[in-house]
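Below is one structure, written out as structure tokens; comments come after it.
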There are 2 protein chains.
Amino acid sequence: MSVPRLFWEDFTAGRVIDCGPRLVTREEIVAFAAEFDPQPMHLDEAAGQAGMLGGLSASGWHSCCLMMRMITDGFIGEASFLGSGGVEEVRWRAPLRPGDNVTVRVTVADTRVSRSRPEIGLVKFLMEMYNAGATEPLMTLTVTPMFARRDATRAADDQVRA
Amino acid sequence: MSVPRLFWEDFTAGRVIDCGPRLVTREEIVAFAAEFDPQPMHLDEAAGQAGMLGGLSASGWHSCCLMMRMITDGFIGEASFLGSGGVEEVRWRAPLRPGDNVTVRVTVADTRVSRSRPEIGLVKFLMEMYNAGATEPLMTLTVTPMFARRDATRAADDQVRA
């Protein structure tokens, strides 16, 4: 693996990173739903029309997965990313439809160094997925992944001081 | 669509529904990661060994998607399920590995009728994914989806009284 370009230190509070766009097709919405979330409103236009969302819409889990791919291509893939222990909250605010062209806006909400492992830092991100031209996000998500710190020496120093 | 067998009224607090098992293969872990979460630890055994999780492990989003499919096959598919506005919390507590045989234990934590739409009820579920033989879950998740109520007349009565 090549040396990451982005480390924990690069994710300063308030920083905004825009990812995408990505055009979402009917075929991928239906294929994802058939595999993981086979509800009628995610599989069939008529069932979607009859339901609460007024038309075929993607599984909310599909939105999460598309977001993950978009942020990986956008910056996670070149960062010292170490994964996450979970997700704080996901809100599906509006349907994701066939033909939507979505972007993900990532905002650094907070950062801290791990107490137990000072060579690692945590970054709390607010992620918002928008359809093109929309002013309100269709999905918001809060997650706090881990990243390696740039300066291993400094991390070791912190450990000695702690 | 056929008439659902399970309505909001059937999800009483404390009820437990077990779903699965499902055997998770290396091929599906890698295929999912390649599409949605292409991190080295989800794609490559050597990268997994070198990382924090000590071996190839599934994307946490993959665990969520497998859970959604398992609960759909287990009971959601025959329920008056109307989707969810989001997810309260996801915790990835231990890695999901190739060859793991997982089950999902769904516990009804709480239920309530929608204030704005009394024909709909909400059910707060705690979902726990276990590998076979494990006493601790590898993933826990809290989610509060909507279900149609069985008795539309009663729902309408509630609305008149409210």
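Labeling convention for the structure tokens: chains A, B, ... as they appear, residues from 1 per chain, ligands from 1 in order of appearance.
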
If you take only C-alpha atoms and a cut-off of 6 Å, which residues of chain A touch chain B, and what are their nearest atom pairs and distances in Å to one decimal, in chain and number order, as a tab-separated table?
residue	atom	partner	partner_atom	distance
A:Phe36	CA	B:Arg69	CA	4.7
A:Asp37	CA	B:Arg69	CA	5.5
A:Cys65	CA	B:Phe36	CA	5.5
A:Met68	CA	B:Asp37	CA	6.0
A:Arg69	CA	B:Phe36	CA	4.7
A:Gly85	CA	B:Trp92	CA	5.2
A:Gly86	CA	B:Arg91	CA	4.2
A:Val87	CA	B:Val90	CA	5.0
A:Glu88	CA	B:Glu89	CA	5.0
A:Glu89	CA	B:Glu88	CA	5.0
A:Val90	CA	B:Val87	CA	5.0
A:Arg91	CA	B:Gly86	CA	4.2
A:Trp92	CA	B:Gly86	CA	5.1

Using the selection just defined, write its residues with N, CA, C and O atoms as a CSV table (one decimal), in the first residue's frame.
chain,number,residue,atom,x,y,z
A,36,PHE,N,-30.5,-7.2,-1.3
A,36,PHE,CA,-30.4,-6.9,0.1
A,36,PHE,C,-31.7,-6.3,0.8
A,36,PHE,O,-31.8,-6.4,2.0
A,37,ASP,N,-32.6,-5.7,0.0
A,37,ASP,CA,-33.7,-5.1,0.7
A,37,ASP,C,-35.0,-5.2,-0.2
A,37,ASP,O,-35.5,-4.2,-0.7
A,65,CYS,N,-24.5,2.9,1.1
A,65,CYS,CA,-23.4,2.2,0.4
A,65,CYS,C,-22.9,3.1,-0.7
A,65,CYS,O,-21.6,3.1,-0.9
A,68,MET,N,-20.7,5.6,0.9
A,68,MET,CA,-19.3,5.0,1.3
A,68,MET,C,-18.4,4.9,0.0
A,68,MET,O,-17.2,5.3,0.1
A,69,ARG,N,-19.0,4.5,-1.1
A,69,ARG,CA,-18.1,4.4,-2.3
A,69,ARG,C,-17.7,5.8,-2.8
A,69,ARG,O,-16.6,6.1,-3.2
A,85,GLY,N,-16.0,2.3,14.3
A,85,GLY,CA,-16.7,1.3,15.2
A,85,GLY,C,-18.2,1.3,15.1
A,85,GLY,O,-18.9,0.6,15.8
A,86,GLY,N,-18.7,2.2,14.2
A,86,GLY,CA,-20.1,2.2,14.0
A,86,GLY,C,-20.6,3.5,13.3
A,86,GLY,O,-19.8,4.2,12.7
A,87,VAL,N,-21.8,3.8,13.5
A,87,VAL,CA,-22.4,5.0,12.9
A,87,VAL,C,-23.3,5.6,14.0
A,87,VAL,O,-24.1,4.9,14.6
A,88,GLU,N,-23.2,6.9,14.2
A,88,GLU,CA,-24.0,7.5,15.2
A,88,GLU,C,-25.5,7.6,14.9
A,88,GLU,O,-26.4,7.3,15.7
A,89,GLU,N,-25.7,8.0,13.7
A,89,GLU,CA,-27.1,8.2,13.3
A,89,GLU,C,-27.2,8.4,11.7
A,89,GLU,O,-26.4,9.0,11.1
A,90,VAL,N,-28.2,7.8,11.2
A,90,VAL,CA,-28.6,7.9,9.8
A,90,VAL,C,-30.0,8.5,9.7
A,90,VAL,O,-30.9,7.9,10.4
A,91,ARG,N,-30.2,9.5,8.9
A,91,ARG,CA,-31.6,10.0,8.6
A,91,ARG,C,-31.8,9.9,7.1
A,91,ARG,O,-31.1,10.6,6.3
A,92,TRP,N,-32.9,9.2,6.7
A,92,TRP,CA,-33.3,9.1,5.3
A,92,TRP,C,-34.4,10.2,5.2
A,92,TRP,O,-35.5,10.0,5.7

Selection near Arg22 in chain B, 7 Å with only C-alpha atoms, sequence-local residues under 4 positions removed, as a VMD selection string: chain B and resid 101 to 103

Selected residues written out, N, CA, C and O atoms, as a PDB file, in the first residue's frame:
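Done, and the output landed in part-v1.pdb:
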ATOM      1  N   ASN B 101     -21.182 -17.960  10.053  1.00  0.00           N
ATOM      2  CA  ASN B 101     -22.573 -18.372   9.863  1.00  0.00           C
ATOM      3  C   ASN B 101     -23.393 -17.545  10.861  1.00  0.00           C
ATOM      4  O   ASN B 101     -23.372 -17.813  12.058  1.00  0.00           O
ATOM      5  N   VAL B 102     -24.092 -16.527  10.358  1.00  0.00           N
ATOM      6  CA  VAL B 102     -24.659 -15.521  11.254  1.00  0.00           C
ATOM      7  C   VAL B 102     -26.175 -15.634  11.395  1.00  0.00           C
ATOM      8  O   VAL B 102     -26.884 -16.095  10.495  1.00  0.00           O
ATOM      9  N   THR B 103     -26.647 -15.214  12.545  1.00  0.00           N
ATOM     10  CA  THR B 103     -28.072 -15.074  12.819  1.00  0.00           C
ATOM     11  C   THR B 103     -28.328 -13.634  13.275  1.00  0.00           C
ATOM     12  O   THR B 103     -27.400 -12.939  13.698  1.00  0.00           O
TER      13      THR B 103
END

When DSSP is applied to the backbone of this structure, which of range 48-157 of chain B are assigned helix (DSSP H, G or I)? Write them out as a list in words. Gly48, Gln49, Ala50, Gly60, Trp61, His62, Ser63, Cys64, Cys65, Leu66, Met67, Met68, Arg69, Met70, Ile71, Thr72, Asp73, Gly74, Ile76, Gly77, Glu78, Ala152, Thr153, Arg154, Ala155, Ala156 and Asp157 of chain B

Saved selection, atoms kept: N, CA and C atoms, as a CSV table (one decimal), in the first residue's frame:
chain,number,residue,atom,x,y,z
B,48,GLY,N,-5.7,-7.4,5.3
B,48,GLY,CA,-6.5,-7.6,6.5
B,48,GLY,C,-5.6,-8.1,7.7
B,49,GLN,N,-4.7,-9.0,7.4
B,49,GLN,CA,-3.8,-9.5,8.4
B,49,GLN,C,-2.9,-8.3,9.0
B,50,ALA,N,-2.5,-7.4,8.1
B,50,ALA,CA,-1.6,-6.3,8.5
B,50,ALA,C,-2.4,-5.2,9.3
B,60,GLY,N,-18.5,-3.1,7.2
B,60,GLY,CA,-19.6,-2.9,8.2
B,60,GLY,C,-21.0,-2.7,7.5
B,61,TRP,N,-20.9,-2.0,6.4
B,61,TRP,CA,-22.1,-1.7,5.6
B,61,TRP,C,-22.7,-3.0,5.0
B,62,HIS,N,-21.8,-4.0,4.7
B,62,HIS,CA,-22.2,-5.3,4.2
B,62,HIS,C,-23.0,-6.0,5.3
B,63,SER,N,-22.5,-5.9,6.6
B,63,SER,CA,-23.2,-6.5,7.7
B,63,SER,C,-24.6,-5.9,7.8
B,64,CYS,N,-24.7,-4.6,7.6
B,64,CYS,CA,-26.1,-4.0,7.7
B,64,CYS,C,-27.0,-4.5,6.6
B,65,CYS,N,-26.4,-4.6,5.4
B,65,CYS,CA,-27.2,-5.1,4.2
B,65,CYS,C,-27.6,-6.6,4.4
B,66,LEU,N,-26.7,-7.4,4.9
B,66,LEU,CA,-27.1,-8.8,5.1
B,66,LEU,C,-28.2,-8.9,6.2
B,67,MET,N,-28.0,-8.1,7.2
B,67,MET,CA,-29.1,-8.0,8.3
B,67,MET,C,-30.4,-7.7,7.7
B,68,MET,N,-30.4,-6.6,6.8
B,68,MET,CA,-31.7,-6.2,6.2
B,68,MET,C,-32.3,-7.4,5.4
B,69,ARG,N,-31.5,-8.1,4.6
B,69,ARG,CA,-32.0,-9.2,3.9
B,69,ARG,C,-32.5,-10.3,4.8
B,70,MET,N,-31.8,-10.6,5.9
B,70,MET,CA,-32.2,-11.7,6.8
B,70,MET,C,-33.5,-11.4,7.5
B,71,ILE,N,-33.7,-10.1,7.9
B,71,ILE,CA,-34.9,-9.8,8.6
B,71,ILE,C,-36.1,-9.7,7.6
B,72,THR,N,-35.8,-9.3,6.3
B,72,THR,CA,-36.8,-9.3,5.3
B,72,THR,C,-37.3,-10.8,5.1
B,73,ASP,N,-36.4,-11.7,4.9
B,73,ASP,CA,-36.8,-13.1,4.8
B,73,ASP,C,-37.4,-13.6,6.0
B,74,GLY,N,-37.0,-13.1,7.2
B,74,GLY,CA,-37.5,-13.6,8.5
B,74,GLY,C,-38.9,-13.2,8.8
B,76,ILE,N,-40.1,-9.3,8.0
B,76,ILE,CA,-40.5,-8.0,7.4
B,76,ILE,C,-41.2,-8.2,6.1
B,77,GLY,N,-40.9,-9.2,5.3
B,77,GLY,CA,-41.5,-9.5,4.0
B,77,GLY,C,-43.0,-9.9,4.1
B,78,GLU,N,-43.4,-10.4,5.3
B,78,GLU,CA,-44.8,-10.7,5.5
B,78,GLU,C,-45.5,-9.8,6.5
B,152,ALA,N,-57.9,-0.5,10.7
B,152,ALA,CA,-58.0,0.8,10.1
B,152,ALA,C,-59.1,1.6,10.8
B,153,THR,N,-60.2,0.9,11.2
B,153,THR,CA,-61.3,1.6,11.8
B,153,THR,C,-60.9,2.1,13.2
B,154,ARG,N,-60.2,1.3,13.9
B,154,ARG,CA,-59.7,1.7,15.2
B,154,ARG,C,-58.8,2.9,15.1
B,155,ALA,N,-57.9,2.9,14.0
B,155,ALA,CA,-57.0,4.0,13.8
B,155,ALA,C,-57.8,5.3,13.5
B,156,ALA,N,-58.9,5.2,12.7
B,156,ALA,CA,-59.7,6.3,12.4
B,156,ALA,C,-60.4,6.8,13.7
B,157,ASP,N,-60.8,5.9,14.5
B,157,ASP,CA,-61.5,6.3,15.8
B,157,ASP,C,-60.5,7.1,16.6

Would you return as number ranges by chain the members of chain A that DSSP assigns to strand (DSSP E or B) on this structure's backbone? A: 6, 16-23, 79, 81, 86-87, 89-92, 101-113, 120-131, 139-143, 146-148

Residues from the last selection, N, CA and C atoms, saved as a tab-separated table (two decimals), in the first residue's frame:
chain	number	residue	atom	x	y	z
A	6	LEU	N	-3.42	11.83	3.10
A	6	LEU	CA	-4.17	12.53	4.15
A	6	LEU	C	-4.10	11.75	5.47
A	16	VAL	N	-14.56	21.17	4.82
A	16	VAL	CA	-15.62	20.59	3.99
A	16	VAL	C	-14.99	19.91	2.77
A	17	ILE	N	-15.41	18.70	2.49
A	17	ILE	CA	-14.93	17.95	1.34
A	17	ILE	C	-16.14	17.50	0.53
A	18	ASP	N	-16.18	17.89	-0.73
A	18	ASP	CA	-17.30	17.50	-1.59
A	18	ASP	C	-16.91	16.31	-2.45
A	19	CYS	N	-17.80	15.32	-2.52
A	19	CYS	CA	-17.53	14.08	-3.26
A	19	CYS	C	-18.64	13.86	-4.29
A	20	GLY	N	-18.27	13.20	-5.37
A	20	GLY	CA	-19.21	12.92	-6.44
A	20	GLY	C	-19.03	13.91	-7.57
A	21	PRO	N	-19.99	14.07	-8.46
A	21	PRO	CA	-21.35	13.49	-8.42
A	21	PRO	C	-21.37	12.04	-8.92
A	22	ARG	N	-22.52	11.42	-8.66
A	22	ARG	CA	-22.77	10.07	-9.16
A	22	ARG	C	-24.23	9.96	-9.61
A	23	LEU	N	-24.40	9.51	-10.83
A	23	LEU	CA	-25.73	9.30	-11.38
A	23	LEU	C	-26.23	7.91	-10.95
A	79	ALA	N	-6.44	8.33	2.25
A	79	ALA	CA	-6.23	8.76	3.64
A	79	ALA	C	-5.78	7.56	4.49
A	81	PHE	N	-7.04	5.87	6.64
A	81	PHE	CA	-8.33	5.42	7.19
A	81	PHE	C	-8.18	4.05	7.84
A	86	GLY	N	-18.68	2.18	14.19
A	86	GLY	CA	-20.13	2.21	14.00
A	86	GLY	C	-20.57	3.49	13.33
A	87	VAL	N	-21.84	3.77	13.46
A	87	VAL	CA	-22.44	4.97	12.88
A	87	VAL	C	-23.34	5.57	13.96
A	89	GLU	N	-25.73	8.04	13.66
A	89	GLU	CA	-27.13	8.24	13.26
A	89	GLU	C	-27.22	8.36	11.74
A	90	VAL	N	-28.25	7.77	11.20
A	90	VAL	CA	-28.56	7.92	9.77
A	90	VAL	C	-29.99	8.46	9.70
A	91	ARG	N	-30.20	9.49	8.87
A	91	ARG	CA	-31.56	9.98	8.61
A	91	ARG	C	-31.82	9.94	7.10
A	92	TRP	N	-32.86	9.16	6.73
A	92	TRP	CA	-33.29	9.15	5.33
A	92	TRP	C	-34.42	10.17	5.22
A	101	ASN	N	-28.81	12.54	-9.55
A	101	ASN	CA	-27.37	12.75	-9.68
A	101	ASN	C	-26.91	13.33	-8.35
A	102	VAL	N	-26.26	12.50	-7.54
A	102	VAL	CA	-26.05	12.88	-6.15
A	102	VAL	C	-24.59	13.26	-5.86
A	103	THR	N	-24.45	14.12	-4.88
A	103	THR	CA	-23.15	14.49	-4.33
A	103	THR	C	-23.19	14.24	-2.82
A	104	VAL	N	-22.01	14.11	-2.23
A	104	VAL	CA	-21.92	13.97	-0.77
A	104	VAL	C	-21.05	15.10	-0.25
A	105	ARG	N	-21.59	15.86	0.67
A	105	ARG	CA	-20.83	16.92	1.34
A	105	ARG	C	-20.41	16.42	2.72
A	106	VAL	N	-19.12	16.37	2.94
A	106	VAL	CA	-18.55	15.85	4.19
A	106	VAL	C	-18.01	17.04	4.98
A	107	THR	N	-18.49	17.23	6.20
A	107	THR	CA	-18.02	18.32	7.05
A	107	THR	C	-17.38	17.74	8.31
A	108	VAL	N	-16.19	18.20	8.63
A	108	VAL	CA	-15.51	17.76	9.86
A	108	VAL	C	-16.15	18.50	11.04
A	109	ALA	N	-16.82	17.73	11.91
A	109	ALA	CA	-17.52	18.34	13.05
A	109	ALA	C	-16.60	18.46	14.26
A	110	ASP	N	-15.70	17.49	14.44
A	110	ASP	CA	-14.88	17.46	15.65
A	110	ASP	C	-13.76	16.46	15.43
A	111	THR	N	-12.69	16.62	16.16
A	111	THR	CA	-11.59	15.65	16.11
A	111	THR	C	-11.01	15.46	17.50
A	112	ARG	N	-10.46	14.27	17.73
A	112	ARG	CA	-9.75	14.02	18.99
A	112	ARG	C	-8.78	12.86	18.81
A	113	VAL	N	-7.78	12.83	19.69
A	113	VAL	CA	-6.83	11.71	19.68
A	113	VAL	C	-7.40	10.61	20.57
A	120	ILE	N	-3.46	7.00	17.03
A	120	ILE	CA	-4.70	7.04	16.23
A	120	ILE	C	-5.53	8.27	16.63
A	121	GLY	N	-6.15	8.89	15.63
A	121	GLY	CA	-7.07	9.99	15.90
A	121	GLY	C	-8.45	9.68	15.37
A	122	LEU	N	-9.46	10.29	15.99
A	122	LEU	CA	-10.84	10.11	15.53
A	122	LEU	C	-11.34	11.40	14.91
A	123	VAL	N	-12.15	11.27	13.90
A	123	VAL	CA	-12.73	12.43	13.20
A	123	VAL	C	-14.23	12.23	13.11
A	124	LYS	N	-14.98	13.13	13.72
A	124	LYS	CA	-16.44	13.08	13.62
A	124	LYS	C	-16.88	13.85	12.37
A	125	PHE	N	-17.50	13.11	11.45
A	125	PHE	CA	-17.97	13.71	10.20
A	125	PHE	C	-19.49	13.81	10.19
A	126	LEU	N	-19.99	14.94	9.69
A	126	LEU	CA	-21.38	15.02	9.24
A	126	LEU	C	-21.37	14.82	7.73
A	127	MET	N	-22.12	13.84	7.26
A	127	MET	CA	-22.20	13.58	5.82
A	127	MET	C	-23.61	13.89	5.34
A	128	GLU	N	-23.70	14.61	4.25
A	128	GLU	CA	-24.99	14.98	3.67
A	128	GLU	C	-25.00	14.60	2.19
A	129	MET	N	-26.01	13.83	1.80
A	129	MET	CA	-26.16	13.48	0.39
A	129	MET	C	-27.25	14.36	-0.22
A	130	TYR	N	-26.89	15.03	-1.34
A	130	TYR	CA	-27.82	15.93	-2.03
A	130	TYR	C	-28.06	15.45	-3.45
A	131	ASN	N	-29.28	15.57	-3.90
A	131	ASN	CA	-29.52	15.44	-5.32
A	131	ASN	C	-29.19	16.77	-6.00
A	139	MET	N	-30.22	12.55	2.53
A	139	MET	CA	-29.74	11.71	3.63
A	139	MET	C	-28.69	12.48	4.42
A	140	THR	N	-28.73	12.32	5.75
A	140	THR	CA	-27.65	12.82	6.60
A	140	THR	C	-27.19	11.67	7.48
A	141	LEU	N	-25.94	11.74	7.86
A	141	LEU	CA	-25.32	10.62	8.57
A	141	LEU	C	-24.17	11.18	9.41
A	142	THR	N	-24.04	10.71	10.63
A	142	THR	CA	-22.92	11.10	11.49
A	142	THR	C	-22.11	9.87	11.82
A	143	VAL	N	-20.81	9.97	11.63
A	143	VAL	CA	-19.92	8.81	11.81
A	143	VAL	C	-18.56	9.33	12.28
A	146	MET	N	-11.68	6.25	12.50
A	146	MET	CA	-10.30	6.39	12.98
A	146	MET	C	-9.35	6.60	11.81
A	147	PHE	N	-8.34	7.43	12.05
A	147	PHE	CA	-7.26	7.64	11.07
A	147	PHE	C	-5.92	7.57	11.80
A	148	ALA	N	-4.91	7.04	11.14
A	148	ALA	CA	-3.56	7.11	11.70
A	148	ALA	C	-3.09	8.56	11.71

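Taking CA of Thr135 in chain A and CA of Arg117 in chain B as the two end points, the separation is 26.7 Å.
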
Atom-to-atom span, CA of Ser2 in chain B and CA of Ser57 in chain A, Å: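 Computing the Euclidean distance for CA of Ser2 in chain B and CA of Ser57 in chain A yields 20.6 Å.
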
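A straight line drawn from CA of Asp151 in chain A to CA of Glu119 in chain A is 8.2 Å long.
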